[in-house]
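Source file: target_32.txt (compact mmCIF, C-alpha atoms)
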# COMPACT_ATOMS: atom_id res chain seq x y z
CA MET A 175 0.00 0.00 0.00
CA VAL A 176 1.30 3.38 -0.98
CA THR A 177 0.88 6.29 1.36
CA LEU A 178 1.05 9.91 0.43
CA THR A 179 4.21 10.52 2.38
CA GLN A 180 6.18 7.94 0.44
CA PRO A 181 7.49 8.76 -3.02
CA LEU A 182 5.85 6.90 -5.92
CA THR A 183 7.64 4.12 -7.60
CA PRO A 184 8.39 4.50 -11.30
CA GLN A 185 5.64 2.02 -12.20
CA HIS A 186 3.08 3.83 -10.09
CA SER A 187 4.08 7.22 -11.43
CA ARG A 188 3.82 5.94 -15.02
CA ALA A 189 0.40 4.43 -14.28
CA LEU A 190 -0.74 7.66 -12.64
CA ALA A 191 0.62 9.70 -15.56
CA LEU A 192 -1.24 7.46 -18.05
CA LEU A 193 -4.41 7.75 -16.00
CA LEU A 194 -4.12 11.53 -15.86
CA LEU A 195 -3.40 11.61 -19.61
CA PHE A 196 -6.45 9.42 -20.27
CA VAL A 197 -8.67 11.64 -18.06
CA ALA A 198 -7.32 14.82 -19.72
CA VAL A 199 -7.90 13.41 -23.23
CA PHE A 200 -11.41 12.22 -22.21
CA LEU A 201 -12.30 15.65 -20.74
CA GLY A 202 -10.84 17.43 -23.77
CA LEU A 203 -12.86 15.26 -26.15
CA ALA A 204 -15.96 15.73 -24.02
CA LEU A 205 -15.55 19.51 -24.09
CA LEU A 206 -14.99 19.48 -27.85
CA LEU A 207 -17.78 17.05 -28.74
CA SER A 208 -20.52 18.09 -26.28
CA PRO A 209 -21.64 21.18 -28.27
CA PHE A 210 -21.89 19.05 -31.42
CA LEU A 211 -23.86 16.38 -29.58
CA LEU A 212 -26.21 18.96 -28.03
CA LEU A 213 -26.71 20.64 -31.41
CA HIS A 214 -27.38 17.26 -33.01
CA ARG A 215 -30.00 16.45 -30.37
CA HIS A 216 -31.63 19.89 -30.81
CA TYR A 217 -31.95 19.41 -34.56
CA ASN A 218 -33.27 15.87 -34.15
CA VAL A 219 -36.04 17.19 -31.89
CA ALA A 220 -36.79 20.00 -34.36
CA ILE A 221 -36.90 17.56 -37.28
CA ASP A 222 -39.23 15.20 -35.39
CA SER A 223 -41.54 18.08 -34.49
CA ALA A 224 -41.61 19.35 -38.08
CA GLN A 225 -42.26 15.82 -39.36
CA ASP A 226 -45.19 15.42 -36.94
CA ARG A 227 -46.68 18.72 -38.10
CA LEU A 228 -46.17 17.77 -41.74
CA ASP A 229 -47.93 14.43 -41.19
CA ARG A 230 -50.82 16.18 -39.46
CA TYR A 231 -51.14 18.72 -42.30
CA ARG A 232 -51.12 15.92 -44.85
CA ARG A 233 -53.95 14.15 -43.01
CA ILE A 234 -55.94 17.38 -42.91
CA ALA A 235 -55.24 18.10 -46.59
CA ALA A 236 -56.43 14.59 -47.46
CA GLN A 237 -59.84 15.52 -46.01
CA ALA A 238 -60.20 18.54 -48.31
CA PRO A 239 -62.18 16.85 -51.13
CA GLU A 240 -64.68 15.37 -48.67
CA LEU A 241 -65.08 18.71 -46.86
CA GLN A 242 -65.51 20.51 -50.19
CA LYS A 243 -68.31 18.10 -51.14
CA THR A 244 -70.01 18.75 -47.79
CA LEU A 245 -69.66 22.49 -48.27
CA ASP A 246 -71.15 22.23 -51.78
CA VAL A 247 -74.11 20.27 -50.38
CA LEU A 248 -74.68 22.95 -47.74
CA ARG A 249 -74.48 25.72 -50.34
CA ALA A 250 -76.95 23.83 -52.53
CA LYS A 251 -79.44 23.88 -49.66
CA GLN A 252 -79.36 27.69 -49.85
CA GLY A 253 -79.21 28.34 -46.13
CA ARG A 254 -78.92 32.06 -46.86
CA ARG A 255 -82.62 32.18 -47.75
CA PHE A 256 -83.39 32.15 -44.03
CA PHE A 257 -81.44 35.39 -43.51
CA LEU A 258 -81.97 38.93 -44.72
CA LYS A 259 -80.27 39.49 -48.07
CA ASN A 260 -78.47 42.69 -47.11
CA THR A 261 -75.45 42.62 -44.82
CA ALA A 262 -75.28 46.37 -44.16
CA ALA A 263 -77.29 47.16 -41.04
CA ASN A 264 -79.27 50.06 -42.52
CA LEU A 265 -80.17 48.15 -45.70
CA ALA A 266 -81.09 45.02 -43.73
CA GLY A 267 -83.31 47.17 -41.49
CA ALA A 268 -85.05 48.65 -44.53
CA GLU A 269 -85.50 45.15 -46.00
CA LEU A 270 -87.02 43.89 -42.75
CA GLN A 271 -89.28 46.94 -42.58
CA GLU A 272 -90.62 46.28 -46.09
CA ILE A 273 -91.28 42.61 -45.37
CA VAL A 274 -93.15 43.38 -42.14
CA ARG A 275 -95.05 46.26 -43.74
CA ALA A 276 -96.25 43.94 -46.53
CA ALA A 277 -97.28 41.26 -43.99
CA VAL A 278 -99.30 43.80 -41.99
CA GLU A 279 -100.95 45.61 -44.89
CA ASN A 280 -101.75 42.42 -46.86
CA ASN A 281 -103.59 41.04 -43.81
CA GLY A 282 -105.80 44.01 -42.96
CA GLY A 283 -103.61 45.87 -40.47
CA ARG A 284 -102.63 49.55 -40.34
CA ILE A 285 -99.15 50.56 -39.22
CA THR A 286 -98.91 53.81 -37.28
CA THR A 287 -95.22 53.88 -36.32
CA VAL A 288 -92.12 51.90 -37.27
CA GLN A 289 -88.68 52.23 -35.74
CA ILE A 290 -85.58 50.21 -36.61
CA THR A 291 -83.68 49.24 -33.47
CA THR A 292 -79.92 49.34 -33.07
CA PRO A 293 -78.46 46.19 -34.64
CA ARG A 294 -76.57 43.76 -32.37
CA ASP A 295 -73.76 41.52 -33.55
CA ASP A 296 -73.91 37.90 -32.49
CA GLY A 297 -70.78 36.19 -33.83
CA ARG A 298 -71.11 35.78 -37.61
CA PHE A 299 -74.66 37.12 -37.51
CA ARG A 300 -76.31 40.45 -36.91
CA LEU A 301 -79.71 40.85 -35.22
CA ILE A 302 -81.85 43.42 -37.00
CA GLY A 303 -84.96 44.53 -35.13
CA LEU A 304 -88.09 46.62 -35.59
CA ASN A 305 -90.44 48.21 -33.09
CA LEU A 306 -93.82 48.93 -34.59
CA GLN A 307 -97.28 49.93 -33.56
CA LEU A 308 -100.29 48.88 -35.59
CA PHE A 309 -104.06 48.60 -35.46
CA ALA A 310 -105.89 45.43 -36.47
CA THR A 311 -108.80 43.26 -35.54
CA THR A 312 -108.09 40.12 -33.54
CA ALA A 313 -108.60 37.87 -36.57
CA ASN A 314 -106.34 40.06 -38.72
CA LEU A 315 -103.71 40.16 -35.96
CA GLN A 316 -103.63 36.37 -36.02
CA LYS A 317 -103.08 36.44 -39.80
CA ILE A 318 -100.36 39.09 -39.46
CA LEU A 319 -98.47 37.10 -36.82
CA TYR A 320 -98.79 33.95 -38.91
CA ALA A 321 -97.47 35.78 -41.98
CA ILE A 322 -94.51 37.21 -40.03
CA GLU A 323 -93.45 33.95 -38.42
CA THR A 324 -93.90 31.58 -41.38
CA GLN A 325 -92.18 33.33 -44.26
CA GLN A 326 -88.56 33.54 -45.31
CA PRO A 327 -86.31 35.07 -44.20
CA TYR A 328 -87.13 33.84 -40.71
CA MET A 329 -88.45 36.51 -38.36
CA VAL A 330 -89.17 36.23 -34.67
CA VAL A 331 -91.76 38.16 -32.69
CA ASP A 332 -89.91 39.10 -29.50
CA ASN A 333 -92.49 41.20 -27.63
CA LEU A 334 -96.17 41.65 -28.21
CA THR A 335 -98.48 43.99 -26.33
CA VAL A 336 -102.18 44.09 -27.27
CA ARG A 337 -104.51 46.78 -25.89
CA PRO A 338 -108.13 47.39 -26.72
CA LEU A 339 -108.91 50.75 -28.33
CA ASN A 340 -112.19 51.19 -26.47
CA ALA A 341 -111.25 50.15 -22.97
CA PHE A 342 -114.11 51.77 -21.07
CA ARG A 343 -116.67 49.62 -19.28
CA GLY A 344 -119.78 48.64 -21.03
CA PHE A 345 -118.39 49.07 -24.55
CA ARG A 346 -119.98 46.75 -27.05
CA PRO A 347 -119.03 46.78 -30.71
CA ALA A 348 -121.71 47.19 -33.32
CA PRO A 349 -123.29 43.92 -34.43
CA GLY A 350 -121.16 42.22 -37.12
CA ALA A 351 -118.19 44.55 -36.51
CA GLU A 352 -115.09 43.32 -34.76
CA PRO A 353 -113.27 45.94 -32.66
CA GLU A 354 -109.69 46.84 -33.43
CA VAL A 355 -106.85 46.53 -30.99
CA SER A 356 -103.67 48.53 -30.63
CA VAL A 357 -100.61 46.32 -30.98
CA LEU A 358 -97.01 47.05 -30.00
CA ILE A 359 -94.68 44.44 -31.47
CA ASP A 360 -90.95 43.81 -31.73
CA VAL A 361 -89.79 41.77 -34.72
CA THR A 362 -86.24 40.47 -35.12
CA ALA A 363 -84.49 38.87 -38.09
CA PHE A 364 -80.94 37.74 -38.71
CA ALA A 365 -78.50 38.97 -41.32
CA TYR A 366 -74.91 37.99 -41.93
CA ALA A 367 -72.47 40.39 -40.30
CA GLU A 368 -70.42 40.50 -43.51
CA ALA A 369 -70.86 39.48 -47.12
CA GLU A 370 -70.29 35.81 -47.99
CA LYS A 371 -66.81 34.97 -49.26
CA LYS A 372 -66.62 32.60 -52.23

Target format structure tokens, applied to this file:
Amino acid sequence: MVTLTQPLTPQHSRALALLLLFVAVFLGLALLLSPFLLLHRHYNVAIDSAQDRLDRYRRIAAQAPELQKTLDVLRAKQGRRFFLKNTAANLAGAELQEIVRAAVENNGGRITTVQITTPRDDGRFRLIGLNLQLFATTANLQKILYAIETQQPYMVVDNLTVRPLNAFRGFRPAPGAEPEVSVLIDVTAFAYAEAEKK
């Protein structure tokens, strides 16, 4: 056993020198090669990530013909017919006003006031509304509401207030005449928020 206080024998000193040389060469090689190994690993990870993305994009691109067919089927169904034709808020409001006016006047009602409400955006769609007051008999009011809610574009009656015109006690209409009522109604329709892109 060699202690630190004793000098090394020539065999031990050669063995220690070779060991130190081996460790120095190993550390030198490690210092020189480690950046290359780290760079190699970095690029392997980047290549794998890019390859995964490329495979995913290829799978998505392979679905394009099927999705195009589905889109063509949906376009053929003409889903836009359920919406107002105009996308500009003021033009859509005027379009809605004309549709409601025709429904009221063609069914025996009389419009007294019409006001277009402020449009509200709801994602891809825009809600266009009207507040109107009209006079009609009960039977004509039923026809008006039916005409508003069953035609295209789809319209929804949001609020409806019906008041009799002659509200005093003891009022009886003339025989064969149906009394008119005053109706406050809110009608809403949908329009696209922007023009369709082809």

Output, as JSON, the centre and edge lengths in Å (one decimal) of the axis-aligned box that contains all listed atoms of segment 237-255 of chain A with 3 Å of margin on each side.
{"center_x": -71.2, "center_y": 23.8, "center_z": -49.3, "size_x": 28.8, "size_y": 22.8, "size_z": 12.5}

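Using only C-alpha atoms for every distance, the candidate list A:Tyr366, A:Tyr320, A:Phe256, A:Phe299 yields A:Tyr320 as the residue closest to Asn280 of chain A.
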
Using all atoms listed in the file, give me every residue within 12 Å of (-77.4, 51.2, -40.2) in file coordinates, as a CSV table (one decimal) with C-alpha atoms, in the frame of the given file.
chain,number,residue,atom,x,y,z
A,260,ASN,CA,-78.5,42.7,-47.1
A,261,THR,CA,-75.4,42.6,-44.8
A,262,ALA,CA,-75.3,46.4,-44.2
A,263,ALA,CA,-77.3,47.2,-41.0
A,264,ASN,CA,-79.3,50.1,-42.5
A,265,LEU,CA,-80.2,48.2,-45.7
A,266,ALA,CA,-81.1,45.0,-43.7
A,267,GLY,CA,-83.3,47.2,-41.5
A,268,ALA,CA,-85.0,48.6,-44.5
A,269,GLU,CA,-85.5,45.2,-46.0
A,290,ILE,CA,-85.6,50.2,-36.6
A,291,THR,CA,-83.7,49.2,-33.5
A,292,THR,CA,-79.9,49.3,-33.1
A,293,PRO,CA,-78.5,46.2,-34.6
A,294,ARG,CA,-76.6,43.8,-32.4
A,300,ARG,CA,-76.3,40.4,-36.9
A,301,LEU,CA,-79.7,40.8,-35.2
A,302,ILE,CA,-81.8,43.4,-37.0
A,303,GLY,CA,-85.0,44.5,-35.1
A,367,ALA,CA,-72.5,40.4,-40.3

Please measure the separation of atom CA of Glu352 of chain A and atom CA of Ile285 of chain A, giving the value in Å to one decimal. 18.1 Å

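Shortest separation to Thr362 of chain A among A:Gln307, A:Phe257, A:Glu279, A:Pro338 occurs at residue A:Phe257, atoms counted being only C-alpha atoms.
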
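Between atom CA of Ala363 of chain A and atom CA of Arg255 of chain A lies a distance of 11.9 Å.
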
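The closest residue to Asn333 of chain A, picked from A:Leu306, A:Ile273, A:Leu315, A:Leu228 and counting only C-alpha atoms, is A:Leu306.
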
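Nearest residue to Thr335 of chain A among A:Leu308, A:Ala238, A:Ala313, A:Leu203 is A:Leu308, counting only C-alpha atoms.
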
Figure out the distance between atom CA of Asp296 of chain A and atom CA of Asp246 of chain A, please, to one decimal in Å. 25.0 Å

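Closest approach to Lys317 of chain A among A:Lys243, A:Glu354, A:Asn281, A:Asp222 is made by A:Asn281 (distances from only C-alpha atoms).
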
Determine, using all atoms listed in the file, which residues of segment 219-257 of chain A have any atom at most 12 Å from an atom of segment 208-215 of chain A, and tabulate each with its shortest atom pair and distance in Å to one decimal place, rows ordered by chain and then rising number, as a Markdown table.
| residue | atom | partner | partner_atom | distance |
| --- | --- | --- | --- | --- |
| A:Val219 | CA | A:Arg215 | CA | 6.3 |
| A:Ala220 | CA | A:Arg215 | CA | 8.6 |
| A:Ile221 | CA | A:Arg215 | CA | 9.8 |
| A:Asp222 | CA | A:Arg215 | CA | 10.6 |

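Closest approach to Ile359 of chain A among A:Asp332, A:Asp295, A:Asp226, A:Glu323 is made by A:Asp332 (distances from only C-alpha atoms).
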
Once N, CA and C atoms are restored for segment 276-300 of chain A, what would the output be as a JSON list (two decimals), in the coordinates of the input?
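Generated output (result-v8.json):
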[["chain", "number", "residue", "atom", "x", "y", "z"],
["A", 276, "ALA", "N", -95.42, 44.71, -45.61],
["A", 276, "ALA", "CA", -96.25, 43.94, -46.53],
["A", 276, "ALA", "C", -97.09, 42.91, -45.78],
["A", 277, "ALA", "N", -96.52, 42.25, -44.77],
["A", 277, "ALA", "CA", -97.28, 41.26, -43.99],
["A", 277, "ALA", "C", -98.44, 41.92, -43.25],
["A", 278, "VAL", "N", -98.23, 43.11, -42.73],
["A", 278, "VAL", "CA", -99.30, 43.80, -41.99],
["A", 278, "VAL", "C", -100.37, 44.30, -42.94],
["A", 279, "GLU", "N", -99.96, 45.00, -43.99],
["A", 279, "GLU", "CA", -100.95, 45.61, -44.89],
["A", 279, "GLU", "C", -101.70, 44.58, -45.72],
["A", 280, "ASN", "N", -101.07, 43.46, -46.08],
["A", 280, "ASN", "CA", -101.75, 42.42, -46.86],
["A", 280, "ASN", "C", -102.74, 41.62, -46.02],
["A", 281, "ASN", "N", -102.68, 41.77, -44.70],
["A", 281, "ASN", "CA", -103.59, 41.04, -43.81],
["A", 281, "ASN", "C", -104.51, 41.95, -43.03],
["A", 282, "GLY", "N", -104.78, 43.13, -43.53],
["A", 282, "GLY", "CA", -105.80, 44.01, -42.96],
["A", 282, "GLY", "C", -105.36, 44.85, -41.79],
["A", 283, "GLY", "N", -104.08, 45.03, -41.56],
["A", 283, "GLY", "CA", -103.61, 45.87, -40.47],
["A", 283, "GLY", "C", -103.20, 47.25, -40.96],
["A", 284, "ARG", "N", -103.07, 48.19, -40.03],
["A", 284, "ARG", "CA", -102.63, 49.55, -40.34],
["A", 284, "ARG", "C", -101.47, 49.89, -39.43],
["A", 285, "ILE", "N", -100.32, 50.20, -40.00],
["A", 285, "ILE", "CA", -99.15, 50.56, -39.22],
["A", 285, "ILE", "C", -99.21, 52.04, -38.91],
["A", 286, "THR", "N", -98.96, 52.39, -37.64],
["A", 286, "THR", "CA", -98.91, 53.81, -37.28],
["A", 286, "THR", "C", -97.47, 54.29, -37.11],
["A", 287, "THR", "N", -96.63, 53.49, -36.48],
["A", 287, "THR", "CA", -95.22, 53.88, -36.32],
["A", 287, "THR", "C", -94.32, 52.66, -36.52],
["A", 288, "VAL", "N", -93.14, 52.94, -37.08],
["A", 288, "VAL", "CA", -92.12, 51.90, -37.27],
["A", 288, "VAL", "C", -90.79, 52.51, -36.88],
["A", 289, "GLN", "N", -90.01, 51.76, -36.12],
["A", 289, "GLN", "CA", -88.68, 52.23, -35.74],
["A", 289, "GLN", "C", -87.72, 51.04, -35.82],
["A", 290, "ILE", "N", -86.61, 51.25, -36.53],
["A", 290, "ILE", "CA", -85.58, 50.21, -36.61],
["A", 290, "ILE", "C", -84.70, 50.34, -35.38],
["A", 291, "THR", "N", -84.50, 49.22, -34.69],
["A", 291, "THR", "CA", -83.68, 49.24, -33.47],
["A", 291, "THR", "C", -82.20, 49.17, -33.84],
["A", 292, "THR", "N", -81.36, 49.42, -32.86],
["A", 292, "THR", "CA", -79.92, 49.34, -33.07],
["A", 292, "THR", "C", -79.53, 47.88, -33.29],
["A", 293, "PRO", "N", -78.84, 47.58, -34.38],
["A", 293, "PRO", "CA", -78.46, 46.19, -34.64],
["A", 293, "PRO", "C", -77.44, 45.69, -33.62],
["A", 294, "ARG", "N", -77.51, 44.39, -33.31],
["A", 294, "ARG", "CA", -76.57, 43.76, -32.37],
["A", 294, "ARG", "C", -75.85, 42.63, -33.10],
["A", 295, "ASP", "N", -74.55, 42.60, -32.95],
["A", 295, "ASP", "CA", -73.76, 41.52, -33.55],
["A", 295, "ASP", "C", -73.76, 40.31, -32.63],
["A", 296, "ASP", "N", -73.91, 39.16, -33.23],
["A", 296, "ASP", "CA", -73.91, 37.90, -32.49],
["A", 296, "ASP", "C", -73.04, 36.91, -33.26],
["A", 297, "GLY", "N", -71.71, 37.04, -33.10],
["A", 297, "GLY", "CA", -70.78, 36.19, -33.83],
["A", 297, "GLY", "C", -70.78, 36.54, -35.30],
["A", 298, "ARG", "N", -71.08, 35.55, -36.16],
["A", 298, "ARG", "CA", -71.11, 35.78, -37.61],
["A", 298, "ARG", "C", -72.39, 36.47, -38.05],
["A", 299, "PHE", "N", -73.35, 36.62, -37.14],
["A", 299, "PHE", "CA", -74.66, 37.12, -37.51],
["A", 299, "PHE", "C", -74.94, 38.47, -36.86],
["A", 300, "ARG", "N", -75.90, 39.15, -37.43],
["A", 300, "ARG", "CA", -76.31, 40.45, -36.91],
["A", 300, "ARG", "C", -77.82, 40.41, -36.71]]
